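Engineer: Just so it is clear, I am handing over upload-v6.pdb, which has PDB, C-alpha atoms.
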```pdb
ATOM      1  CA  MET A   1     146.349 -70.113 258.465
ATOM      2  CA  ILE A   2     148.967 -69.855 261.140
ATOM      3  CA  LEU A   3     151.383 -66.933 260.922
ATOM      4  CA  LYS A   4     154.848 -67.560 262.244
ATOM      5  CA  GLU A   5     156.982 -64.845 263.728
ATOM      6  CA  PRO A   6     160.017 -64.099 261.603
ATOM      7  CA  ASN A   7     163.316 -65.446 262.872
ATOM      8  CA  LEU A   8     164.849 -62.114 263.837
ATOM      9  CA  THR A   9     168.023 -63.728 265.071
ATOM     10  CA  MET A  10     168.569 -65.320 261.687
ATOM     11  CA  CYS A  11     167.836 -62.075 259.812
ATOM     12  CA  PHE A  12     170.007 -59.854 261.945
ATOM     13  CA  GLY A  13     172.723 -62.511 262.171
ATOM     14  CA  SER A  14     172.957 -62.745 258.397
ATOM     15  CA  SER A  15     173.023 -58.970 258.064
ATOM     16  CA  LEU A  16     175.712 -58.720 260.718
ATOM     17  CA  LYS A  17     177.817 -61.336 258.947
ATOM     18  CA  ARG A  18     177.554 -59.387 255.694
ATOM     19  CA  LYS A  19     178.611 -56.183 257.437
ATOM     20  CA  VAL A  20     181.565 -57.908 259.087
ATOM     21  CA  SER A  21     182.612 -59.459 255.765
ATOM     22  CA  LEU A  22     182.379 -56.096 253.992
ATOM     23  CA  GLY A  23     184.351 -54.479 256.801
ATOM     24  CA  LEU A  24     187.120 -57.054 256.543
ATOM     25  CA  LEU A  25     187.184 -56.646 252.770
ATOM     26  CA  ALA A  26     187.550 -52.882 253.162
ATOM     27  CA  VAL A  27     190.455 -53.349 255.596
ATOM     28  CA  VAL A  28     192.207 -55.741 253.197
ATOM     29  CA  LEU A  29     191.736 -53.379 250.253
ATOM     30  CA  LEU A  30     192.990 -50.422 252.272
ATOM     31  CA  SER A  31     196.043 -52.371 253.399
ATOM     32  CA  THR A  32     196.748 -53.363 249.815
ATOM     33  CA  VAL A  33     196.469 -49.770 248.588
ATOM     34  CA  LEU A  34     198.716 -48.485 251.358
ATOM     35  CA  GLY A  35     201.194 -51.265 250.680
ATOM     36  CA  CYS A  36     201.331 -50.390 246.995
ATOM     37  CA  ALA A  37     201.644 -46.696 247.794
ATOM     38  CA  SER A  38     204.655 -47.189 250.074
ATOM     39  CA  ARG A  39     207.969 -46.936 248.232
ATOM     40  CA  GLU A  40     210.658 -49.569 248.493
ATOM     41  CA  GLN A  41     213.592 -48.646 250.689
ATOM     42  CA  LEU A  42     217.046 -50.151 250.321
ATOM     43  CA  VAL A  43     218.607 -51.794 253.363
ATOM     44  CA  PRO A  44     222.147 -50.651 254.257
ATOM     45  CA  HIS A  45     225.011 -53.150 254.112
ATOM     46  CA  PRO A  46     227.721 -53.658 256.765
ATOM     47  CA  ALA A  47     230.608 -51.200 256.788
ATOM     48  CA  VAL A  48     233.164 -53.934 257.543
ATOM     49  CA  ALA A  49     234.065 -57.021 255.495
ATOM     50  CA  SER A  50     233.999 -60.449 257.128
ATOM     51  CA  ALA A  51     237.695 -60.864 256.271
ATOM     52  CA  PRO A  52     240.437 -58.472 255.101
ATOM     53  CA  THR A  53     239.735 -57.576 251.461
ATOM     54  CA  ASN A  54     241.438 -54.966 249.306
ATOM     55  CA  PHE A  55     240.380 -54.075 245.759
ATOM     56  CA  SER A  56     243.137 -51.498 245.247
ATOM     57  CA  GLY A  57     245.003 -51.713 241.961
ATOM     58  CA  ASN A  58     244.779 -51.239 238.229
ATOM     59  CA  TRP A  59     242.457 -53.569 236.358
ATOM     60  CA  LYS A  60     241.852 -54.262 232.672
ATOM     61  CA  ILE A  61     238.788 -56.004 231.308
ATOM     62  CA  ARG A  62     239.358 -59.469 229.906
ATOM     63  CA  PRO A  63     239.275 -59.702 226.073
ATOM     64  CA  GLN A  64     236.375 -62.169 226.196
ATOM     65  CA  ASP A  65     234.369 -59.646 228.233
ATOM     66  CA  SER A  66     235.229 -56.566 226.184
ATOM     67  CA  ALA A  67     231.765 -56.541 224.571
ATOM     68  CA  THR A  68     229.904 -56.465 227.901
ATOM     69  CA  GLU A  69     229.123 -52.768 227.473
ATOM     70  CA  GLN A  70     226.971 -53.653 224.469
ATOM     71  CA  ARG A  71     225.281 -56.336 226.533
ATOM     72  CA  VAL A  72     224.551 -53.789 229.269
ATOM     73  CA  THR A  73     222.949 -51.608 226.573
ATOM     74  CA  ARG A  74     220.716 -54.461 225.428
ATOM     75  CA  VAL A  75     219.749 -55.428 228.977
ATOM     76  CA  ALA A  76     218.974 -51.811 229.921
ATOM     77  CA  ARG A  77     216.751 -51.369 226.880
ATOM     78  CA  LYS A  78     214.932 -54.665 227.442
ATOM     79  CA  ILE A  79     214.375 -54.244 231.167
ATOM     80  CA  SER A  80     213.928 -50.488 231.550
ATOM     81  CA  GLY A  81     213.350 -49.076 228.072
ATOM     82  CA  VAL A  82     216.581 -47.084 228.366
ATOM     83  CA  LYS A  83     219.025 -46.358 225.568
ATOM     84  CA  PHE A  84     222.453 -46.571 227.175
ATOM     85  CA  ASN A  85     225.713 -45.731 225.419
ATOM     86  CA  ARG A  86     228.914 -43.923 226.257
ATOM     87  CA  SER A  87     228.784 -41.278 223.528
ATOM     88  CA  ALA A  88     225.224 -40.098 224.150
ATOM     89  CA  ARG A  89     225.447 -41.017 227.846
ATOM     90  CA  ARG A  90     222.079 -42.299 229.031
ATOM     91  CA  ARG A  91     218.707 -41.417 227.631
ATOM     92  CA  ALA A  92     215.628 -42.469 229.577
ATOM     93  CA  GLN A  93     212.163 -42.733 228.122
ATOM     94  CA  GLY A  94     210.040 -40.649 230.445
ATOM     95  CA  ASP A  95     210.958 -41.503 234.007
ATOM     96  CA  ALA A  96     212.039 -45.068 233.260
ATOM     97  CA  GLY A  97     215.426 -46.304 234.348
ATOM     98  CA  LEU A  98     216.597 -43.177 236.163
ATOM     99  CA  ALA A  99     218.821 -45.298 238.396
ATOM    100  CA  LEU A 100     220.910 -46.129 235.329
ATOM    101  CA  LEU A 101     222.049 -42.512 235.159
ATOM    102  CA  PHE A 102     224.407 -43.526 237.977
ATOM    103  CA  LEU A 103     225.938 -46.530 236.212
ATOM    104  CA  GLU A 104     229.535 -46.121 235.069
ATOM    105  CA  LEU A 105     231.352 -48.461 232.689
ATOM    106  CA  GLY A 106     234.957 -48.746 231.618
ATOM    107  CA  LYS A 107     237.465 -51.180 230.193
ATOM    108  CA  LYS A 108     240.188 -49.977 232.567
ATOM    109  CA  LEU A 109     239.581 -49.434 236.269
ATOM    110  CA  LYS A 110     241.783 -47.906 238.909
ATOM    111  CA  VAL A 111     240.576 -48.759 242.403
ATOM    112  CA  THR A 112     241.800 -46.972 245.520
ATOM    113  CA  GLN A 113     240.586 -48.406 248.811
ATOM    114  CA  THR A 114     240.819 -46.425 252.048
ATOM    115  CA  ASP A 115     239.653 -47.132 255.582
ATOM    116  CA  HIS A 116     236.327 -45.504 254.752
ATOM    117  CA  GLY A 117     235.474 -46.389 251.166
ATOM    118  CA  LEU A 118     236.353 -47.112 247.559
ATOM    119  CA  PHE A 119     237.328 -44.710 244.780
ATOM    120  CA  ILE A 120     236.943 -46.242 241.316
ATOM    121  CA  SER A 121     238.244 -44.491 238.194
ATOM    122  CA  PHE A 122     236.588 -45.624 234.958
ATOM    123  CA  ASP A 123     238.892 -45.217 231.932
ATOM    124  CA  ARG A 124     240.569 -42.303 233.721
ATOM    125  CA  SER A 125     237.585 -40.082 232.990
ATOM    126  CA  VAL A 126     235.072 -40.576 235.822
ATOM    127  CA  VAL A 127     235.780 -41.300 239.481
ATOM    128  CA  GLU A 128     233.036 -42.715 241.686
ATOM    129  CA  GLU A 129     233.181 -42.785 245.490
ATOM    130  CA  TYR A 130     231.496 -45.535 247.517
ATOM    131  CA  ARG A 131     231.472 -45.154 251.294
ATOM    132  CA  PHE A 132     231.485 -48.279 253.430
ATOM    133  CA  GLY A 133     228.006 -48.782 254.943
ATOM    134  CA  GLU A 134     226.570 -45.711 253.215
ATOM    135  CA  ASP A 135     222.861 -44.925 252.913
ATOM    136  CA  ARG A 136     222.329 -41.609 251.167
ATOM    137  CA  LEU A 137     220.436 -39.722 248.496
ATOM    138  CA  LEU A 138     222.243 -38.909 245.265
ATOM    139  CA  ARG A 139     221.179 -36.139 242.916
ATOM    140  CA  LEU A 140     221.909 -35.527 239.264
ATOM    141  CA  GLY A 141     220.022 -32.443 238.141
ATOM    142  CA  GLU A 142     216.405 -33.059 239.145
ATOM    143  CA  VAL A 143     216.918 -36.817 239.462
ATOM    144  CA  GLU A 144     217.163 -38.191 243.002
ATOM    145  CA  VAL A 145     217.944 -41.806 243.910
ATOM    146  CA  GLN A 146     218.728 -43.788 247.039
ATOM    147  CA  ARG A 147     222.188 -45.350 247.204
ATOM    148  CA  VAL A 148     223.412 -47.943 249.696
ATOM    149  CA  SER A 149     226.725 -49.762 249.580
ATOM    150  CA  GLY A 150     228.712 -51.999 251.876
ATOM    151  CA  TRP A 151     230.004 -55.494 252.423
ATOM    152  CA  ASP A 152     228.420 -58.901 251.988
ATOM    153  CA  ALA A 153     231.107 -61.157 253.461
ATOM    154  CA  THR A 154     234.113 -60.238 251.269
ATOM    155  CA  ALA A 155     232.087 -58.973 248.283
ATOM    156  CA  TYR A 156     231.205 -55.289 247.931
ATOM    157  CA  VAL A 157     227.589 -54.487 247.053
ATOM    158  CA  ILE A 158     226.290 -51.225 245.586
ATOM    159  CA  GLU A 159     222.537 -50.685 245.123
ATOM    160  CA  THR A 160     220.813 -47.709 243.516
ATOM    161  CA  LEU A 161     217.017 -47.281 243.517
ATOM    162  CA  ASP A 162     214.971 -44.583 241.770
ATOM    163  CA  LYS A 163     211.462 -43.307 242.486
ATOM    164  CA  ASN A 164     209.936 -45.626 239.893
ATOM    165  CA  SER A 165     211.449 -48.789 241.412
ATOM    166  CA  THR A 166     214.152 -49.318 238.812
ATOM    167  CA  LYS A 167     216.991 -50.896 240.787
ATOM    168  CA  LEU A 168     220.628 -51.074 239.769
ATOM    169  CA  SER A 169     222.713 -53.585 241.729
ATOM    170  CA  GLU A 170     226.474 -54.019 241.452
ATOM    171  CA  ARG A 171     228.431 -56.770 243.181
ATOM    172  CA  VAL A 172     232.244 -56.770 243.171
ATOM    173  CA  TRP A 173     234.515 -59.553 244.421
ATOM    174  CA  LEU A 174     237.992 -61.000 243.930
ATOM    175  CA  SER A 175     238.933 -64.469 242.730
ATOM    176  CA  ASN A 176     241.922 -66.502 241.506
ATOM    177  CA  GLY A 177     244.189 -65.408 244.310
ATOM    178  CA  ASP A 178     242.970 -61.812 244.131
ATOM    179  CA  GLU A 179     244.181 -61.535 240.533
ATOM    180  CA  ILE A 180     240.697 -61.236 238.981
ATOM    181  CA  LEU A 181     238.145 -58.558 239.872
ATOM    182  CA  ASN A 182     234.577 -59.638 239.100
ATOM    183  CA  ARG A 183     231.733 -57.162 238.642
ATOM    184  CA  LYS A 184     228.138 -58.325 238.319
ATOM    185  CA  ILE A 185     225.693 -55.651 237.104
ATOM    186  CA  THR A 186     221.996 -56.436 237.657
ATOM    187  CA  ILE A 187     219.141 -54.277 236.366
ATOM    188  CA  ARG A 188     215.608 -54.739 237.747
ATOM    189  CA  ASN A 189     212.453 -52.899 236.677
ATOM    190  CA  ARG A 190     209.247 -52.086 238.557
ATOM    191  CA  LYS A 191     207.745 -55.421 237.497
ATOM    192  CA  LEU A 192     210.614 -57.167 239.327
ATOM    193  CA  GLU A 193     212.003 -58.451 236.018
ATOM    194  CA  GLU A 194     215.783 -58.520 236.075
ATOM    195  CA  GLN A 195     218.842 -59.479 234.054
ATOM    196  CA  PHE A 196     222.547 -59.278 234.765
ATOM    197  CA  VAL A 197     225.873 -58.849 232.992
ATOM    198  CA  LEU A 198     229.162 -60.182 234.389
ATOM    199  CA  GLN A 199     232.456 -58.369 233.801
ATOM    200  CA  ARG A 200     235.905 -59.726 234.718
ATOM    201  CA  PHE A 201     239.069 -57.668 235.031
ATOM    202  CA  ASP A 202     242.687 -58.850 235.261
ATOM    203  CA  ARG A 203     245.150 -57.139 237.561
ATOM    204  CA  VAL A 204     247.746 -55.235 235.535
ATOM    205  CA  ASP A 205     249.999 -53.650 238.197
TER     206      ASP A 205
END
```
Any chance you could put this one into structure tokens?
Structural biologist:
Amino acid sequence: MILKEPNLTMCFGSSLKRKVSLGLLAVVLLSTVLGCASREQLVPHPAVASAPTNFSGNWKIRPQDSATEQRVTRVARKISGVKFNRSARRRAQGDAGLALLFLELGKKLKVTQTDHGLFISFDRSVVEEYRFGEDRLLRLGEVEVQRVSGWDATAYVIETLDKNSTKLSERVWLSNGDEILNRKITIRNRKLEEQFVLQRFDRVD
């Protein structure tokens, strides 16, 4: 019987390949974990519109859109599990939908535009300030969210993101010779599921 020497190159080569493969797998898994652990950050928008645009004026929601607040309630509940209404304000289940704490609704808007930002009065009860090109943290009690707002061409975009990746996006633009103010409200959850509601306001001044 003839004994053959083992093919050491083959043995060690196979072992080395397994180690390299395991090493690459570990790197991929680590990258995935780190990627998941990193929180989304909103990107600021330009502080200047691409063409002169002024939202100033008094605006009243169109009769056909007067029920959009109820639609916002349904969308919020479906996407984020949040009960949203004007009388009870906003109630979140656990930490879901915290960004929606910063959503204001109204059937009558008064918009004042300055060189530095927008002031929007909702039904003469709440006034929100949006600074052109802003990127800041907002706090409401213990709740903290990131807010960015600025221009996308001649539309104004406001985005609010909470720690659990619920994202509230608002897009405002003029149409029909600047006589209609359009407001698109989009709600997105951590699963990247989203729905939107469109509101339209007629100029009344």
Engineer: What residues come out when you apply the PyMOL selection byres ((chain A and resi 142) around 12) to this file, written as a PyMOL selection string?
Structural biologist: chain A and resi 95+98+101+138-141+143-145+162-163
Engineer: Which residue gives the smallest distance to Lys108 (chain A) among A:Leu42, A:Leu192, A:Leu137, A:Ile120, with all atoms listed in the file counted?
Structural biologist: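 So, comparing all the options, the nearest one is A:Ile120.
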Engineer: As a check of understanding, name the residues that the PyMOL selection byres ((chain A and resi 205) around 8) selects in the supplied structure, as a list in words.
Structural biologist: Gly57, Asn58, Trp59, Arg203 and Val204 of chain A
Engineer: Evaluate the PyMOL selection byres ((chain A and resi 150) around 8) here and jot the selected residues down as a PyMOL selection string.
Structural biologist: chain A and resi 44-48+131-134+148-149+151-152+156-158
Engineer: Give me the box for region 40-55 of chain A as lines of an AutoDock Vina configuration file, namely the centre and edge lengths in Å to one decimal of a box along x, y and z that holds every listed atom plus 3 Å on each side.
Structural biologist:
```
center_x = 226.0
center_y = -54.8
center_z = 251.7
size_x = 36.8
size_y = 18.2
size_z = 17.8
```
Engineer: Could you check which of A:Lys110, A:Lys167, A:Arg183, A:Arg200 is closest to Glu40 (chain A), using all atoms listed in the file?
Structural biologist: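 The shortest atom-to-atom distance to Glu40 (chain A) comes from A:Lys167.
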Engineer: What does the distance between CA of Asp178 (chain A) and CA of Gly106 (chain A) come to in Å, to one decimal place?
Structural biologist: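 Straight-line distance from CA of Asp178 (chain A) to CA of Gly106 (chain A) works out to 19.8 Å.
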Engineer: Quick one: residues within 7 Å of Ser56 (chain A), all atoms listed in the file, excluding same-chain residues fewer than 3 positions away - as a PDB file with C-alpha atoms, keeping the file's coordinate frame?
Structural biologist:
```pdb
ATOM      1  CA  VAL A 111     240.576 -48.759 242.403  1.00  0.00           C
ATOM      2  CA  THR A 112     241.800 -46.972 245.520  1.00  0.00           C
ATOM      3  CA  GLN A 113     240.586 -48.406 248.811  1.00  0.00           C
TER       4      GLN A 113
END
```
Engineer: Please provide as a PDB file with C-alpha atoms, keeping the file's coordinate frame all residues within 10 Å of Val72 (chain A), with the sequence filter that same-chain residues fewer than 6 positions apart are discarded (counting all atoms listed in the file).
Structural biologist:
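Contents of part-v7.pdb, as written:
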```pdb
ATOM      1  CA  LYS A  78     214.932 -54.665 227.442  1.00  0.00           C
ATOM      2  CA  LYS A  83     219.025 -46.358 225.568  1.00  0.00           C
ATOM      3  CA  PHE A  84     222.453 -46.571 227.175  1.00  0.00           C
ATOM      4  CA  ASN A  85     225.713 -45.731 225.419  1.00  0.00           C
ATOM      5  CA  LEU A 105     231.352 -48.461 232.689  1.00  0.00           C
ATOM      6  CA  ILE A 185     225.693 -55.651 237.104  1.00  0.00           C
ATOM      7  CA  THR A 186     221.996 -56.436 237.657  1.00  0.00           C
ATOM      8  CA  ILE A 187     219.141 -54.277 236.366  1.00  0.00           C
ATOM      9  CA  GLN A 195     218.842 -59.479 234.054  1.00  0.00           C
ATOM     10  CA  PHE A 196     222.547 -59.278 234.765  1.00  0.00           C
ATOM     11  CA  VAL A 197     225.873 -58.849 232.992  1.00  0.00           C
ATOM     12  CA  LEU A 198     229.162 -60.182 234.389  1.00  0.00           C
TER      13      LEU A 198
END
```
Engineer: Using only C-alpha atoms, which residue out of A:Lys191, A:Arg136, A:Lys184, A:Arg62 lies closest to Ser165 (chain A)?
Structural biologist: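 Of A:Lys191, A:Arg136, A:Lys184, A:Arg62, the one nearest Ser165 (chain A), counting only C-alpha atoms, is A:Lys191.
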Engineer: In Å, rounded to a single decimal, give me how far CA of Trp173 (chain A) is from CA of Arg188 (chain A).
Structural biologist: 20.6 Å
Engineer: Would you mind reading off the distance between CA of Phe102 (chain A) and CA of Leu181 (chain A), one decimal, in Å?
Structural biologist: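 Calculated distance between CA of Phe102 (chain A) and CA of Leu181 (chain A) is 20.5 Å.
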Engineer: Would you mind putting back N, CA, C and O atoms on region 111-135 of chain A, then writing it out as a CSV table (one decimal), in the frame of the given file?
Structural biologist:
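The resulting file, result_33.csv, is reproduced below:
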```csv
chain,number,residue,atom,x,y,z
A,111,VAL,N,241.3,-48.7,241.1
A,111,VAL,CA,240.6,-48.8,242.4
A,111,VAL,C,241.5,-48.4,243.5
A,111,VAL,O,242.6,-48.9,243.7
A,112,THR,N,241.1,-47.4,244.3
A,112,THR,CA,241.8,-47.0,245.5
A,112,THR,C,240.9,-47.2,246.7
A,112,THR,O,239.8,-46.7,246.8
A,113,GLN,N,241.4,-48.1,247.6
A,113,GLN,CA,240.6,-48.4,248.8
A,113,GLN,C,241.2,-47.8,250.0
A,113,GLN,O,242.4,-47.9,250.3
A,114,THR,N,240.4,-47.1,250.8
A,114,THR,CA,240.8,-46.4,252.0
A,114,THR,C,240.1,-47.1,253.2
A,114,THR,O,239.4,-48.1,253.1
A,115,ASP,N,240.3,-46.6,254.4
A,115,ASP,CA,239.7,-47.1,255.6
A,115,ASP,C,238.2,-46.9,255.6
A,115,ASP,O,237.4,-47.5,256.3
A,116,HIS,N,237.7,-45.9,254.7
A,116,HIS,CA,236.3,-45.5,254.8
A,116,HIS,C,235.5,-45.8,253.5
A,116,HIS,O,234.3,-45.7,253.5
A,117,GLY,N,236.2,-46.2,252.4
A,117,GLY,CA,235.5,-46.4,251.2
A,117,GLY,C,236.4,-46.7,250.0
A,117,GLY,O,237.6,-47.0,250.1
A,118,LEU,N,235.7,-46.8,248.8
A,118,LEU,CA,236.4,-47.1,247.6
A,118,LEU,C,236.3,-45.9,246.6
A,118,LEU,O,235.2,-45.3,246.5
A,119,PHE,N,237.3,-45.7,245.9
A,119,PHE,CA,237.3,-44.7,244.8
A,119,PHE,C,237.7,-45.5,243.5
A,119,PHE,O,238.7,-46.1,243.4
A,120,ILE,N,236.7,-45.5,242.5
A,120,ILE,CA,236.9,-46.2,241.3
A,120,ILE,C,237.0,-45.3,240.1
A,120,ILE,O,236.0,-44.5,239.9
A,121,SER,N,238.1,-45.3,239.4
A,121,SER,CA,238.2,-44.5,238.2
A,121,SER,C,237.9,-45.4,237.0
A,121,SER,O,238.5,-46.4,236.8
A,122,PHE,N,237.0,-44.9,236.2
A,122,PHE,CA,236.6,-45.6,235.0
A,122,PHE,C,237.3,-45.0,233.7
A,122,PHE,O,236.9,-43.8,233.4
A,123,ASP,N,238.2,-45.7,233.1
A,123,ASP,CA,238.9,-45.2,231.9
A,123,ASP,C,239.5,-43.8,232.1
A,123,ASP,O,239.6,-43.0,231.2
A,124,ARG,N,239.9,-43.6,233.4
A,124,ARG,CA,240.6,-42.3,233.7
A,124,ARG,C,239.7,-41.1,233.4
A,124,ARG,O,240.3,-40.0,233.4
A,125,SER,N,238.4,-41.2,233.3
A,125,SER,CA,237.6,-40.1,233.0
A,125,SER,C,236.6,-39.8,234.1
A,125,SER,O,236.3,-38.6,234.3
A,126,VAL,N,236.1,-40.8,234.8
A,126,VAL,CA,235.1,-40.6,235.8
A,126,VAL,C,235.5,-41.3,237.1
A,126,VAL,O,235.9,-42.5,237.0
A,127,VAL,N,235.4,-40.7,238.2
A,127,VAL,CA,235.8,-41.3,239.5
A,127,VAL,C,234.5,-41.3,240.4
A,127,VAL,O,233.9,-40.3,240.6
A,128,GLU,N,234.2,-42.5,240.8
A,128,GLU,CA,233.0,-42.7,241.7
A,128,GLU,C,233.5,-43.1,243.1
A,128,GLU,O,234.5,-43.8,243.3
A,129,GLU,N,232.9,-42.5,244.1
A,129,GLU,CA,233.2,-42.8,245.5
A,129,GLU,C,232.1,-43.6,246.1
A,129,GLU,O,230.9,-43.3,246.0
A,130,TYR,N,232.4,-44.7,246.8
A,130,TYR,CA,231.5,-45.5,247.5
A,130,TYR,C,232.0,-45.6,249.0
A,130,TYR,O,233.1,-46.1,249.3
A,131,ARG,N,231.1,-45.2,249.9
A,131,ARG,CA,231.5,-45.2,251.3
A,131,ARG,C,231.0,-46.4,252.0
A,131,ARG,O,229.8,-46.8,251.8
A,132,PHE,N,231.8,-47.0,252.8
A,132,PHE,CA,231.5,-48.3,253.4
A,132,PHE,C,230.3,-48.1,254.3
A,132,PHE,O,230.3,-47.2,255.2
A,133,GLY,N,229.2,-48.9,254.1
A,133,GLY,CA,228.0,-48.8,254.9
A,133,GLY,C,227.1,-47.6,254.7
A,133,GLY,O,226.3,-47.2,255.5
A,134,GLU,N,227.3,-46.9,253.5
A,134,GLU,CA,226.6,-45.7,253.2
A,134,GLU,C,225.1,-46.0,253.0
A,134,GLU,O,224.7,-47.0,252.5
A,135,ASP,N,224.3,-45.0,253.2
A,135,ASP,CA,222.9,-44.9,252.9
A,135,ASP,C,222.5,-43.5,252.7
A,135,ASP,O,222.4,-42.7,253.7
```
